[in-house]
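With mmCIF, C-alpha atoms inside, this is structure_14.cif:
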data_target
loop_
_atom_site.label_atom_id
_atom_site.label_comp_id
_atom_site.auth_asym_id
_atom_site.auth_seq_id
_atom_site.Cartn_x
_atom_site.Cartn_y
_atom_site.Cartn_z
CA MET A 1 15.53 33.84 -14.31
CA GLU A 2 12.12 32.22 -14.71
CA VAL A 3 13.62 29.48 -16.84
CA ILE A 4 16.16 28.60 -14.18
CA TYR A 5 13.57 28.62 -11.42
CA SER A 6 11.09 26.47 -13.30
CA THR A 7 13.78 23.99 -14.32
CA LEU A 8 15.00 23.79 -10.74
CA LEU A 9 11.51 23.39 -9.34
CA LEU A 10 10.56 20.62 -11.74
CA ALA A 11 13.89 18.86 -11.22
CA VAL A 12 13.48 18.91 -7.44
CA LEU A 13 9.86 17.77 -7.63
CA GLY A 14 10.65 15.03 -10.13
CA PHE A 15 13.53 13.80 -8.03
CA GLY A 16 11.42 13.88 -4.88
CA PHE A 17 8.54 11.92 -6.36
CA GLY A 18 10.96 9.54 -8.09
CA ALA A 19 12.64 8.78 -4.79
CA PHE A 20 9.26 8.25 -3.13
CA LEU A 21 8.21 5.84 -5.87
CA ALA A 22 11.53 3.97 -5.79
CA TYR A 23 11.15 3.55 -2.04
CA SER A 24 7.57 2.29 -2.30
CA ALA A 25 8.51 -0.02 -5.18
CA GLN A 26 11.03 -1.65 -2.86
CA LYS A 27 8.55 -1.76 0.00
CA PHE A 28 5.69 -3.27 -2.01
CA LYS A 29 7.81 -5.60 -4.07
CA VAL A 30 5.93 -8.64 -5.35
CA GLU A 31 7.78 -11.92 -5.29
CA GLU A 32 7.18 -13.51 -8.66
CA ASP A 33 7.88 -17.03 -9.70
CA PRO A 34 11.37 -16.85 -11.30
CA ARG A 35 10.31 -19.43 -13.90
CA VAL A 36 7.86 -16.95 -15.40
CA LYS A 37 10.68 -14.53 -16.13
CA MET A 38 12.92 -17.27 -17.54
CA ILE A 39 10.24 -18.63 -19.85
CA THR A 40 9.33 -15.12 -20.99
CA GLU A 41 12.96 -14.61 -21.96
CA VAL A 42 13.00 -17.83 -23.96
CA LEU A 43 9.81 -16.94 -25.84
CA PRO A 44 10.20 -14.76 -28.96
CA GLY A 45 8.59 -11.77 -27.24
CA ILE A 46 6.58 -10.63 -30.24
CA ASN A 47 3.23 -11.02 -28.44
CA CYS A 48 1.57 -12.42 -31.56
CA GLY A 49 -1.16 -14.22 -29.66
CA ALA A 50 -0.92 -17.41 -31.70
CA CYS A 51 -0.83 -19.43 -28.47
CA GLY A 52 -4.22 -18.07 -27.49
CA PHE A 53 -3.00 -15.87 -24.64
CA ALA A 54 -2.79 -12.10 -24.38
CA GLY A 55 0.97 -12.04 -24.81
CA CYS A 56 4.21 -13.91 -24.20
CA GLU A 57 4.15 -13.12 -20.49
CA ALA A 58 0.56 -14.29 -20.10
CA TYR A 59 1.51 -17.53 -21.87
CA ALA A 60 4.53 -17.99 -19.59
CA LYS A 61 2.33 -17.52 -16.53
CA ALA A 62 -0.14 -20.10 -17.84
CA ILE A 63 2.65 -22.62 -18.48
CA VAL A 64 4.01 -22.22 -14.96
CA LYS A 65 0.53 -22.66 -13.51
CA GLY A 66 0.17 -25.81 -15.60
CA GLN A 67 -2.80 -24.43 -17.54
CA ALA A 68 -1.18 -24.57 -20.98
CA GLU A 69 0.89 -27.00 -23.03
CA THR A 70 4.45 -26.09 -23.95
CA ASN A 71 3.95 -26.52 -27.71
CA ARG A 72 1.68 -23.57 -28.43
CA CYS A 73 4.29 -21.05 -29.53
CA LEU A 74 4.20 -21.12 -33.34
CA PRO A 75 6.77 -18.42 -34.19
CA GLY A 76 9.25 -19.95 -31.77
CA ARG A 77 9.05 -23.45 -33.22
CA PRO A 78 12.06 -23.16 -35.61
CA GLN A 79 14.28 -21.97 -32.73
CA GLY A 80 13.23 -24.88 -30.54
CA VAL A 81 11.43 -22.80 -27.94
CA GLU A 82 9.40 -25.78 -26.80
CA GLU A 83 12.48 -27.76 -25.82
CA LYS A 84 13.93 -24.81 -23.97
CA ILE A 85 10.69 -24.36 -21.98
CA LYS A 86 10.64 -28.06 -21.16
CA LYS A 87 14.24 -27.82 -20.00
CA ILE A 88 13.44 -24.95 -17.67
CA LEU A 89 10.43 -26.75 -16.22
CA GLU A 90 12.49 -29.95 -15.81
CA GLU A 91 15.36 -28.13 -14.10
CA TYR A 92 13.11 -26.51 -11.48
CA LYS A 93 10.73 -29.42 -11.05
CA ASN A 94 11.79 -30.23 -7.53
CA VAL A 95 12.24 -26.66 -6.31
CA SER A 96 9.32 -25.26 -4.41
CA PHE A 97 8.53 -21.57 -4.73
CA MET B 1 -19.82 25.59 7.61
CA LYS B 2 -18.34 26.19 4.19
CA VAL B 3 -16.35 22.98 4.55
CA PHE B 4 -19.50 20.89 4.96
CA LEU B 5 -21.25 22.66 2.14
CA LEU B 6 -18.27 22.03 -0.14
CA PHE B 7 -18.09 18.41 0.94
CA PHE B 8 -21.76 17.62 0.31
CA SER B 9 -22.07 19.72 -2.79
CA ALA B 10 -19.13 17.80 -4.29
CA ILE B 11 -20.90 14.51 -3.60
CA PHE B 12 -24.44 15.35 -4.72
CA VAL B 13 -24.94 18.74 -6.32
CA ASN B 14 -21.74 19.08 -8.30
CA ASN B 15 -21.07 15.37 -8.68
CA PHE B 16 -18.06 15.09 -10.95
CA VAL B 17 -19.44 12.36 -13.16
CA LEU B 18 -23.15 13.09 -13.23
CA ALA B 19 -23.23 16.90 -13.04
CA ARG B 20 -19.87 18.07 -14.35
CA PHE B 21 -19.38 15.19 -16.80
CA LEU B 22 -15.71 14.61 -15.95
CA GLY B 23 -14.16 11.17 -15.64
CA ILE B 24 -16.66 9.47 -17.93
CA CYS B 25 -14.11 6.95 -19.25
CA PRO B 26 -13.71 4.87 -16.06
CA PHE B 27 -17.40 5.49 -15.31
CA LEU B 28 -18.32 3.44 -18.37
CA GLY B 29 -15.25 1.20 -18.40
CA VAL B 30 -15.10 -0.23 -14.88
CA SER B 31 -18.77 -0.30 -13.98
CA LYS B 32 -19.58 -3.80 -15.18
CA ARG B 33 -19.07 -5.36 -11.77
CA LEU B 34 -19.85 -3.88 -8.38
CA GLU B 35 -16.59 -5.12 -6.87
CA THR B 36 -14.27 -3.46 -9.37
CA ALA B 37 -16.37 -0.30 -9.29
CA THR B 38 -15.93 -0.07 -5.54
CA GLY B 39 -12.18 -0.65 -5.85
CA MET B 40 -11.90 1.99 -8.53
CA GLY B 41 -13.91 4.44 -6.45
CA ILE B 42 -11.65 3.96 -3.44
CA ALA B 43 -8.50 4.29 -5.55
CA VAL B 44 -9.72 7.51 -7.16
CA THR B 45 -10.82 8.93 -3.80
CA PHE B 46 -7.40 8.25 -2.33
CA VAL B 47 -5.52 9.76 -5.26
CA MET B 48 -7.80 12.81 -5.29
CA THR B 49 -7.47 13.55 -1.60
CA VAL B 50 -3.70 13.12 -1.42
CA SER B 51 -3.01 15.02 -4.60
CA ALA B 52 -5.31 17.85 -3.51
CA ALA B 53 -3.40 18.19 -0.25
CA ILE B 54 0.01 18.20 -1.91
CA SER B 55 -1.08 20.33 -4.84
CA TRP B 56 -2.39 22.96 -2.46
CA PHE B 57 1.09 23.56 -1.08
CA LEU B 58 2.67 23.42 -4.51
CA ASP B 59 0.09 25.88 -5.82
CA LYS B 60 0.99 28.35 -3.08
CA LEU B 61 4.68 27.84 -3.90
CA LEU B 62 4.05 28.41 -7.60
CA ILE B 63 2.07 31.59 -6.94
CA SER B 64 4.68 33.01 -4.58
CA THR B 65 7.47 32.40 -7.11
CA GLY B 66 5.42 33.66 -10.04
CA LEU B 67 5.49 30.36 -11.91
CA GLU B 68 1.73 29.80 -12.22
CA PHE B 69 2.15 28.68 -15.81
CA LEU B 70 3.67 25.44 -14.49
CA ARG B 71 0.45 24.55 -12.68
CA THR B 72 -0.79 21.87 -15.07
CA ILE B 73 2.48 19.98 -15.41
CA VAL B 74 3.20 20.09 -11.68
CA PHE B 75 -0.29 18.83 -10.83
CA ILE B 76 0.00 16.06 -13.39
CA LEU B 77 3.33 15.06 -11.85
CA VAL B 78 1.74 14.81 -8.40
CA ILE B 79 -1.26 12.84 -9.69
CA ALA B 80 0.87 10.45 -11.75
CA SER B 81 3.16 9.69 -8.81
CA PHE B 82 0.27 8.80 -6.56
CA VAL B 83 -1.41 6.70 -9.20
CA GLN B 84 1.83 4.76 -9.52
CA PHE B 85 1.91 4.38 -5.76
CA VAL B 86 -1.65 3.04 -5.71
CA GLU B 87 -0.73 0.62 -8.49
CA LEU B 88 2.24 -0.75 -6.55
CA PHE B 89 0.16 -0.97 -3.40
CA LEU B 90 -2.71 -2.81 -5.10
CA LYS B 91 -0.38 -5.21 -6.90
CA LYS B 92 1.00 -6.24 -3.53
CA THR B 93 -2.13 -6.25 -1.39
CA SER B 94 -4.90 -7.23 -3.81
CA PRO B 95 -3.71 -8.88 -7.04
CA ASP B 96 -7.28 -9.83 -7.99
CA LEU B 97 -8.47 -6.24 -7.94
CA TYR B 98 -5.28 -5.26 -9.77
CA GLU B 99 -6.09 -7.74 -12.54
CA ALA B 100 -9.73 -6.70 -12.66
CA LEU B 101 -9.00 -2.99 -12.97
CA GLY B 102 -6.41 -3.66 -15.66
CA ILE B 103 -5.56 -0.70 -17.85
CA PHE B 104 -8.03 1.58 -16.05
CA LEU B 105 -5.77 1.73 -13.00
CA PRO B 106 -2.81 3.52 -14.68
CA LEU B 107 -5.36 5.53 -16.63
CA ILE B 108 -6.42 7.28 -13.41
CA THR B 109 -3.42 9.50 -14.24
CA THR B 110 -5.28 10.95 -17.17
CA ASN B 111 -8.65 10.96 -15.44
CA CYS B 112 -9.84 14.50 -16.04
CA ALA B 113 -11.91 14.41 -12.85
CA ILE B 114 -8.75 14.50 -10.74
CA LEU B 115 -6.92 17.21 -12.66
CA GLY B 116 -10.19 19.13 -12.93
CA MET B 117 -10.72 18.93 -9.18
CA VAL B 118 -7.18 20.11 -8.39
CA LEU B 119 -7.45 22.99 -10.84
CA LEU B 120 -10.90 23.90 -9.45
CA ASN B 121 -9.38 24.05 -5.96
CA SER B 122 -6.86 26.60 -7.08
CA LEU B 123 -9.45 28.48 -9.16
CA MET B 124 -11.90 28.71 -6.25
CA LYS B 125 -9.07 29.91 -3.97
CA LEU B 126 -9.96 27.42 -1.23
CA ASN B 127 -7.89 27.15 1.92
CA PHE B 128 -6.16 23.91 2.85
CA VAL B 129 -8.95 22.27 4.90
CA GLU B 130 -11.59 23.27 2.35
CA ALA B 131 -9.48 21.94 -0.51
CA VAL B 132 -8.98 18.55 1.19
CA PHE B 133 -12.66 18.17 2.02
CA HIS B 134 -13.67 19.28 -1.45
CA ALA B 135 -11.36 16.59 -2.85
CA LEU B 136 -12.66 13.94 -0.46
CA GLY B 137 -16.24 14.82 -1.39
CA SER B 138 -15.45 14.74 -5.09
CA GLY B 139 -13.82 11.34 -4.74
CA LEU B 140 -16.74 9.97 -2.76
CA GLY B 141 -19.13 11.43 -5.32
CA PHE B 142 -17.22 9.69 -8.07
CA ALA B 143 -17.30 6.42 -6.11
CA LEU B 144 -21.02 6.85 -5.43
CA ALA B 145 -21.84 7.39 -9.10
CA LEU B 146 -19.71 4.39 -10.05
CA VAL B 147 -21.26 2.10 -7.44
CA ILE B 148 -24.85 3.07 -8.30
CA PHE B 149 -24.16 2.61 -11.99
CA ALA B 150 -22.42 -0.73 -11.48
CA GLY B 151 -25.30 -1.96 -9.33
CA ILE B 152 -27.82 -1.08 -12.02
CA ARG B 153 -25.70 -2.63 -14.76
CA GLU B 154 -25.24 -5.86 -12.80
CA LYS B 155 -29.00 -6.19 -12.44
CA MET B 156 -29.58 -5.20 -16.03
CA ASP B 157 -27.51 -8.15 -17.22
CA LEU B 158 -30.37 -10.40 -16.11
CA TYR B 159 -33.08 -8.50 -17.95
CA ASP B 160 -34.46 -9.57 -21.27
CA LEU B 161 -33.57 -6.50 -23.34
CA PRO B 162 -34.40 -5.87 -26.98
CA GLU B 163 -31.44 -6.88 -29.13
CA PRO B 164 -30.35 -3.37 -30.27
CA PHE B 165 -30.19 -2.07 -26.67
CA LYS B 166 -27.92 -4.77 -25.27
CA GLY B 167 -24.54 -3.84 -23.81
CA THR B 168 -23.19 -0.33 -24.15
CA ALA B 169 -26.34 1.16 -25.65
CA ILE B 170 -28.51 0.60 -22.60
CA ALA B 171 -25.57 1.56 -20.36
CA LEU B 172 -25.37 4.97 -22.00
CA ILE B 173 -29.13 5.49 -21.67
CA THR B 174 -28.92 4.50 -18.01
CA ALA B 175 -26.06 6.94 -17.45
CA GLY B 176 -28.20 9.70 -18.91
CA LEU B 177 -31.16 8.82 -16.68
CA LEU B 178 -28.88 8.69 -13.64
CA SER B 179 -27.58 12.13 -14.50
CA LEU B 180 -31.16 13.38 -14.83
CA ALA B 181 -31.91 12.02 -11.38
CA PHE B 182 -28.94 13.89 -9.96
CA MET B 183 -30.19 17.08 -11.59
CA GLY B 184 -32.78 17.09 -8.81
CA PHE B 185 -30.02 18.27 -6.47
CA GLN B 186 -29.13 21.19 -8.70
CA GLY B 187 -29.19 24.59 -7.02
CA MET B 188 -29.50 23.20 -3.50
CA VAL B 189 -26.12 24.56 -2.45
CA LYS B 190 -24.96 28.00 -3.48
CA LEU B 191 -21.25 28.61 -3.11
#

Please rewrite the model in this file as C-alpha coordinates.
Amino acid sequence: MEVIYSTLLLAVLGFGFGAFLAYSAQKFKVEEDPRVKMITEVLPGINCGACGFAGCEAYAKAIVKGQAETNRCLPGRPQGVEEKIKKILEEYKNVSF
Amino acid sequence: MKVFLLFFSAIFVNNFVLARFLGICPFLGVSKRLETATGMGIAVTFVMTVSAAISWFLDKLLISTGLEFLRTIVFILVIASFVQFVELFLKKTSPDLYEALGIFLPLITTNCAILGMVLLNSLMKLNFVEAVFHALGSGLGFALALVIFAGIREKMDLYDLPEPFKGTAIALITAGLLSLAFMGFQGMVKL
(Lines of atoms letter the chains of each structure in order from A and count residues from 1; the text may use other names and numbers.)
(Lines give C-alpha, C1' and ligand atoms only; values in the text may rest on other atoms or scores of the structure.)
Protein backbone atom coordinates (compact mmCIF):
# COMPACT_ATOMS: atom_id res chain seq x y z
CA MET A 1 0.00 0.00 0.00
CA GLU A 2 2.82 2.38 0.92
CA VAL A 3 4.44 1.84 -2.45
CA ILE A 4 1.27 2.81 -4.29
CA TYR A 5 0.71 5.87 -2.13
CA SER A 6 4.27 7.14 -2.45
CA THR A 7 4.28 6.57 -6.21
CA LEU A 8 0.98 8.39 -6.53
CA LEU A 9 2.10 11.27 -4.34
CA LEU A 10 5.35 11.79 -6.20
CA ALA A 11 3.61 11.49 -9.57
CA VAL A 12 1.02 14.11 -8.62
CA LEU A 13 3.64 16.45 -7.17
CA GLY A 14 5.95 16.03 -10.14
CA PHE A 15 3.12 16.67 -12.55
CA GLY A 16 1.98 19.70 -10.59
CA PHE A 17 5.40 21.31 -10.45
CA GLY A 18 6.07 20.37 -14.08
CA ALA A 19 2.88 22.10 -15.17
CA PHE A 20 3.78 25.16 -13.09
CA LEU A 21 7.23 25.32 -14.69
CA ALA A 22 5.86 24.80 -18.20
CA TYR A 23 3.43 27.65 -17.63
CA SER A 24 6.12 30.00 -16.30
CA ALA A 25 8.49 29.01 -19.12
CA GLN A 26 5.83 30.20 -21.56
CA LYS A 27 5.18 33.34 -19.56
CA PHE A 28 8.83 34.34 -19.18
CA LYS A 29 9.91 33.31 -22.63
CA VAL A 30 12.96 35.17 -23.90
CA GLU A 31 12.93 36.19 -27.53
CA GLU A 32 16.31 35.24 -28.90
CA ASP A 33 17.84 36.26 -32.16
CA PRO A 34 16.94 33.39 -34.55
CA ARG A 35 20.35 33.73 -36.24
CA VAL A 36 22.07 32.54 -33.07
CA LYS A 37 20.17 29.27 -33.21
CA MET A 38 20.83 28.83 -36.94
CA ILE A 39 24.56 29.46 -36.62
CA THR A 40 24.77 27.14 -33.61
CA GLU A 41 23.21 24.42 -35.74
CA VAL A 42 25.75 24.97 -38.51
CA LEU A 43 28.71 24.83 -36.11
CA PRO A 44 30.08 21.36 -35.27
CA GLY A 45 28.74 21.53 -31.71
CA ILE A 46 31.77 19.94 -30.08
CA ASN A 47 32.50 22.99 -27.90
CA CYS A 48 36.25 22.61 -28.41
CA GLY A 49 37.01 26.24 -27.66
CA ALA A 50 39.45 26.66 -30.54
CA CYS A 51 37.66 29.86 -31.55
CA GLY A 52 38.45 31.40 -28.18
CA PHE A 53 34.89 31.35 -26.84
CA ALA A 54 33.33 29.24 -24.13
CA GLY A 55 31.45 27.05 -26.59
CA CYS A 56 29.73 26.92 -29.95
CA GLU A 57 26.74 28.89 -28.69
CA ALA A 58 28.92 31.60 -27.19
CA TYR A 59 30.76 31.87 -30.51
CA ALA A 60 27.46 32.10 -32.41
CA LYS A 61 26.31 34.90 -30.12
CA ALA A 62 29.57 36.78 -30.67
CA ILE A 63 29.26 36.44 -34.46
CA VAL A 64 25.72 37.80 -34.43
CA LYS A 65 26.80 40.72 -32.27
CA GLY A 66 29.62 41.37 -34.74
CA GLN A 67 32.32 40.80 -32.13
CA ALA A 68 33.99 37.86 -33.87
CA GLU A 69 35.11 36.91 -37.36
CA THR A 70 33.44 34.02 -39.14
CA ASN A 71 36.67 32.09 -39.79
CA ARG A 72 37.54 31.04 -36.25
CA CYS A 73 36.01 27.57 -36.24
CA LEU A 74 38.93 25.20 -36.89
CA PRO A 75 37.18 21.81 -36.68
CA GLY A 76 34.43 23.02 -39.01
CA ARG A 77 36.80 24.22 -41.73
CA PRO A 78 36.73 21.01 -43.86
CA GLN A 79 32.90 21.07 -43.93
CA GLY A 80 32.84 24.70 -45.03
CA VAL A 81 31.27 26.06 -41.88
CA GLU A 82 32.59 29.54 -42.60
CA GLU A 83 30.72 29.78 -45.89
CA LYS A 84 27.53 28.55 -44.30
CA ILE A 85 27.77 31.18 -41.54
CA LYS A 86 28.42 33.88 -44.12
CA LYS A 87 25.39 32.71 -46.07
CA ILE A 88 23.16 32.94 -43.01
CA LEU A 89 24.43 36.41 -42.17
CA GLU A 90 23.99 37.51 -45.81
CA GLU A 91 20.45 36.13 -46.00
CA TYR A 92 19.27 38.00 -42.90
CA LYS A 93 21.29 41.15 -43.46
CA ASN A 94 18.32 43.37 -44.14
CA VAL A 95 15.97 41.85 -41.56
CA SER A 96 15.80 43.73 -38.31
CA PHE A 97 15.27 41.77 -35.11
CA MET B 1 6.93 36.52 20.41
CA LYS B 2 8.42 33.22 19.32
CA VAL B 3 8.05 34.33 15.71
CA PHE B 4 10.26 37.37 16.25
CA LEU B 5 12.80 35.39 18.22
CA LEU B 6 12.97 32.81 15.44
CA PHE B 7 13.26 35.52 12.81
CA PHE B 8 16.13 37.39 14.48
CA SER B 9 17.91 34.33 15.71
CA ALA B 10 17.96 33.01 12.13
CA ILE B 11 19.57 36.24 10.94
CA PHE B 12 22.17 36.79 13.65
CA VAL B 13 22.53 34.04 16.22
CA ASN B 14 22.04 30.98 14.07
CA ASN B 15 23.16 32.55 10.82
CA PHE B 16 23.20 29.75 8.28
CA VAL B 17 26.55 30.59 6.75
CA LEU B 18 28.50 31.96 9.67
CA ALA B 19 27.15 29.92 12.59
CA ARG B 20 25.79 26.72 11.08
CA PHE B 21 28.28 26.57 8.19
CA LEU B 22 25.71 25.63 5.55
CA GLY B 23 25.72 27.05 2.03
CA ILE B 24 29.44 27.80 1.99
CA CYS B 25 29.77 27.14 -1.75
CA PRO B 26 27.85 30.21 -3.02
CA PHE B 27 29.23 32.17 -0.05
CA LEU B 28 32.73 31.84 -1.51
CA GLY B 29 31.70 31.59 -5.16
CA VAL B 30 29.47 34.61 -5.72
CA SER B 31 30.95 37.06 -3.25
CA LYS B 32 33.47 38.72 -5.55
CA ARG B 33 31.15 41.57 -6.44
CA LEU B 34 28.59 43.29 -4.26
CA GLU B 35 25.99 43.36 -7.03
CA THR B 36 25.96 39.63 -7.72
CA ALA B 37 26.07 38.89 -3.99
CA THR B 38 22.94 40.96 -3.46
CA GLY B 39 21.19 39.23 -6.36
CA MET B 40 22.15 35.83 -5.04
CA GLY B 41 20.95 36.76 -1.56
CA ILE B 42 17.57 37.85 -2.86
CA ALA B 43 17.20 34.73 -5.01
CA VAL B 44 18.04 32.44 -2.09
CA THR B 45 15.71 34.33 0.24
CA PHE B 46 12.85 33.97 -2.22
CA VAL B 47 13.45 30.27 -2.81
CA MET B 48 13.79 29.62 0.93
CA THR B 49 10.60 31.41 1.90
CA VAL B 50 8.42 29.90 -0.82
CA SER B 51 9.76 26.40 -0.39
CA ALA B 52 9.35 26.61 3.38
CA ALA B 53 5.70 27.56 2.97
CA ILE B 54 4.95 24.79 0.49
CA SER B 55 7.06 22.21 2.28
CA TRP B 56 5.18 22.87 5.49
CA PHE B 57 1.93 21.68 3.92
CA LEU B 58 3.62 18.76 2.21
CA ASP B 59 5.27 17.78 5.49
CA LYS B 60 1.89 17.66 7.22
CA LEU B 61 0.54 15.59 4.32
CA LEU B 62 3.47 13.19 4.51
CA ILE B 63 3.07 12.76 8.27
CA SER B 64 -0.67 12.16 8.05
CA THR B 65 -0.20 9.50 5.36
CA GLY B 66 2.75 7.89 7.12
CA LEU B 67 5.19 8.57 4.30
CA GLU B 68 7.79 10.56 6.25
CA PHE B 69 10.59 8.68 4.53
CA LEU B 70 9.80 10.65 1.36
CA ARG B 71 10.61 13.94 3.09
CA THR B 72 14.00 14.57 1.48
CA ILE B 73 12.98 13.81 -2.09
CA VAL B 74 9.75 15.80 -1.84
CA PHE B 75 11.56 18.81 -0.38
CA ILE B 76 14.21 18.63 -3.07
CA LEU B 77 11.46 18.54 -5.69
CA VAL B 78 9.90 21.70 -4.26
CA ILE B 79 13.25 23.50 -4.02
CA ALA B 80 14.34 22.50 -7.52
CA SER B 81 11.07 23.70 -9.06
CA PHE B 82 11.37 27.11 -7.48
CA VAL B 83 15.01 27.46 -8.41
CA GLN B 84 14.01 26.76 -12.00
CA PHE B 85 11.29 29.37 -11.69
CA VAL B 86 13.77 31.95 -10.38
CA GLU B 87 16.09 31.10 -13.25
CA LEU B 88 13.38 31.66 -15.86
CA PHE B 89 12.32 34.86 -14.14
CA LEU B 90 15.85 36.26 -13.95
CA LYS B 91 16.64 35.32 -17.55
CA LYS B 92 13.67 37.41 -18.63
CA THR B 93 13.90 40.35 -16.25
CA SER B 94 17.63 40.74 -15.61
CA PRO B 95 19.89 39.03 -18.16
CA ASP B 96 22.98 40.74 -16.73
CA LEU B 97 22.45 39.28 -13.28
CA TYR B 98 21.63 35.94 -14.92
CA GLU B 99 24.98 35.99 -16.72
CA ALA B 100 26.84 37.13 -13.62
CA LEU B 101 25.42 34.41 -11.38
CA GLY B 102 26.14 31.78 -14.01
CA ILE B 103 26.30 28.22 -12.73
CA PHE B 104 25.64 29.30 -9.13
CA LEU B 105 22.01 30.05 -9.95
CA PRO B 106 20.95 26.46 -10.81
CA LEU B 107 23.22 25.30 -8.01
CA ILE B 108 20.86 26.89 -5.47
CA THR B 109 19.00 23.58 -5.90
CA THR B 110 21.78 21.77 -4.12
CA ASN B 111 22.45 24.56 -1.64
CA CYS B 112 22.40 22.71 1.66
CA ALA B 113 21.26 25.85 3.47
CA ILE B 114 17.83 25.59 1.87
CA LEU B 115 17.30 21.87 2.38
CA GLY B 116 18.76 22.21 5.87
CA MET B 117 16.35 25.01 6.70
CA VAL B 118 13.31 23.08 5.44
CA LEU B 119 14.34 19.96 7.34
CA LEU B 120 15.00 22.04 10.48
CA ASN B 121 11.48 23.46 10.21
CA SER B 122 10.01 20.00 10.29
CA LEU B 123 12.44 18.85 13.00
CA MET B 124 11.62 21.82 15.25
CA LYS B 125 7.88 21.20 14.71
CA LEU B 126 7.18 24.84 13.90
CA ASN B 127 3.73 26.01 12.91
CA PHE B 128 3.10 27.62 9.54
CA VAL B 129 3.74 31.28 10.46
CA GLU B 130 6.84 30.37 12.47
CA ALA B 131 8.18 28.25 9.63
CA VAL B 132 7.74 31.05 7.08
CA PHE B 133 9.39 33.64 9.32
CA HIS B 134 12.19 31.27 10.20
CA ALA B 135 12.78 30.77 6.47
CA LEU B 136 12.64 34.50 5.74
CA GLY B 137 15.11 35.17 8.53
CA SER B 138 17.43 32.44 7.33
CA GLY B 139 17.35 33.82 3.81
CA LEU B 140 18.03 37.34 5.01
CA GLY B 141 20.83 36.03 7.21
CA PHE B 142 22.36 34.32 4.20
CA ALA B 143 22.02 37.51 2.16
CA LEU B 144 23.53 39.56 4.99
CA ALA B 145 26.56 37.28 5.29
CA LEU B 146 27.03 37.35 1.52
CA VAL B 147 26.74 41.13 1.26
CA ILE B 148 29.14 41.80 4.15
CA PHE B 149 31.64 39.35 2.73
CA ALA B 150 31.36 40.74 -0.79
CA GLY B 151 31.83 44.27 0.52
CA ILE B 152 35.00 43.28 2.34
CA ARG B 153 36.32 41.36 -0.65
CA GLU B 154 35.67 44.26 -3.01
CA LYS B 155 37.70 46.56 -0.78
CA MET B 156 40.37 43.96 -0.27
CA ASP B 157 41.04 43.87 -4.01
CA LEU B 158 42.60 47.31 -3.66
CA TYR B 159 44.92 46.37 -0.80
CA ASP B 160 48.55 45.54 -1.28
CA LEU B 161 48.56 41.98 0.07
CA PRO B 162 51.54 39.67 0.45
CA GLU B 163 51.76 37.40 -2.58
CA PRO B 164 50.81 34.08 -0.86
CA PHE B 165 47.61 35.58 0.62
CA LYS B 166 46.14 36.91 -2.61
CA GLY B 167 42.79 35.64 -3.85
CA THR B 168 41.09 32.72 -2.16
CA ALA B 169 43.55 32.45 0.72
CA ILE B 170 42.72 35.82 2.23
CA ALA B 171 39.03 35.25 1.43
CA LEU B 172 39.01 32.11 3.56
CA ILE B 173 40.77 33.90 6.42
CA THR B 174 38.26 36.73 6.18
CA ALA B 175 35.37 34.25 6.25
CA GLY B 176 36.79 32.78 9.43
CA LEU B 177 37.14 36.20 11.07
CA LEU B 178 33.60 37.10 10.03
CA SER B 179 32.34 33.91 11.60
CA LEU B 180 34.25 34.75 14.78
CA ALA B 181 32.57 38.14 14.85
CA PHE B 182 29.16 36.49 14.57
CA MET B 183 30.05 34.21 17.47
CA GLY B 184 29.48 37.29 19.62
CA PHE B 185 25.75 36.75 19.12
CA GLN B 186 25.93 33.17 20.34
CA GLY B 187 23.59 32.32 23.20
CA MET B 188 21.61 35.55 22.97
CA VAL B 189 18.41 33.76 21.99
CA LYS B 190 17.37 30.52 23.62
CA LEU B 191 14.74 28.56 21.75

Legend entry - Evaluate the PyMOL selection byres ((chain B and resi 151-162) around 8) and report residues as number ranges by chain: B: 31-34, 147-150, 163-166, 171

Inset, instruction - Select all residues from chain B having any atom no more than 9 Å from an atom of chain A (counting only C-alpha atoms, ignoring ligands), output as JSON, numbers by chain. - result: {"B": [65, 66, 67, 70, 73, 74, 77, 78, 81, 82, 84, 85, 88, 89, 90, 91, 92, 93]}

Inset, instruction - Could you list the residues chosen by the PyMOL selection byres ((chain A and resi 35) around 12) in this structure as number ranges by chain? - result: A: 31-34, 36-42, 57, 60-65, 84-93, 95-97

Legend entry - Coordinates-based distance that separates CA of Val44 (chain B) from CA of Thr109 (chain B) (Å, one decimal):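 Rounded to one decimal, the two atoms are 9.7 Å apart.
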
Inset, instruction - Return as a ChimeraX atom specification the set of residues that the PyMOL selection byres ((chain B and resi 142) around 7) yields on the displayed structure. - result: /B:15-17,41,138-141,143-146

Inset, instruction - For CA of Cys112 (chain B) and CA of Ala54 (chain A), quote the distance in Å rounded to one decimal. - result: 28.8 Å

Legend entry - Closest of B:Thr72, B:Val30, B:Thr45, B:Leu62 to Leu97 (chain B) - atom-to-atom distances counting all atoms listed in the file: B:Val30

Legend entry - Distance of CA of Ser122 (chain B) from CA of Thr38 (chain B), expressed in Å to one decimal place: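 Distance reported for this atom pair: 28.2 Å.
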
Inset, instruction - Excluding Leu58 (chain B) and any residue of its chain fewer than 3 positions from it, enumerate the residues within 9 Å of it, using only C-alpha atoms, and give them as number ranges by chain. - result: B: 54-55, 61-63, 71, 74-75

Quick one: write out the picked residues with C-alpha atoms as a JSON list (two decimals), keeping the file's coordinate frame?
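The resulting again.json:
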[["chain", "number", "residue", "atom", "x", "y", "z"],
["B", 54, "ILE", "CA", 0.01, 18.20, -1.91],
["B", 55, "SER", "CA", -1.08, 20.33, -4.84],
["B", 61, "LEU", "CA", 4.68, 27.84, -3.90],
["B", 62, "LEU", "CA", 4.05, 28.41, -7.60],
["B", 63, "ILE", "CA", 2.07, 31.59, -6.94],
["B", 71, "ARG", "CA", 0.45, 24.55, -12.68],
["B", 74, "VAL", "CA", 3.20, 20.09, -11.68],
["B", 75, "PHE", "CA", -0.29, 18.83, -10.83]]

Inset, instruction - Find, counting only C-alpha atoms, the residue in B:Leu119, B:Leu126, B:Ala135, B:Ile108 that gets nearest to Gly29 (chain B). - result: B:Ile108

Legend entry - Residue contacts of region 74-80 of chain A (8 Å, all atoms listed in the file) excluding same-chain residues fewer than 4 positions away, as JSON, numbers by chain: {"A": [43, 44, 50, 51, 84]}
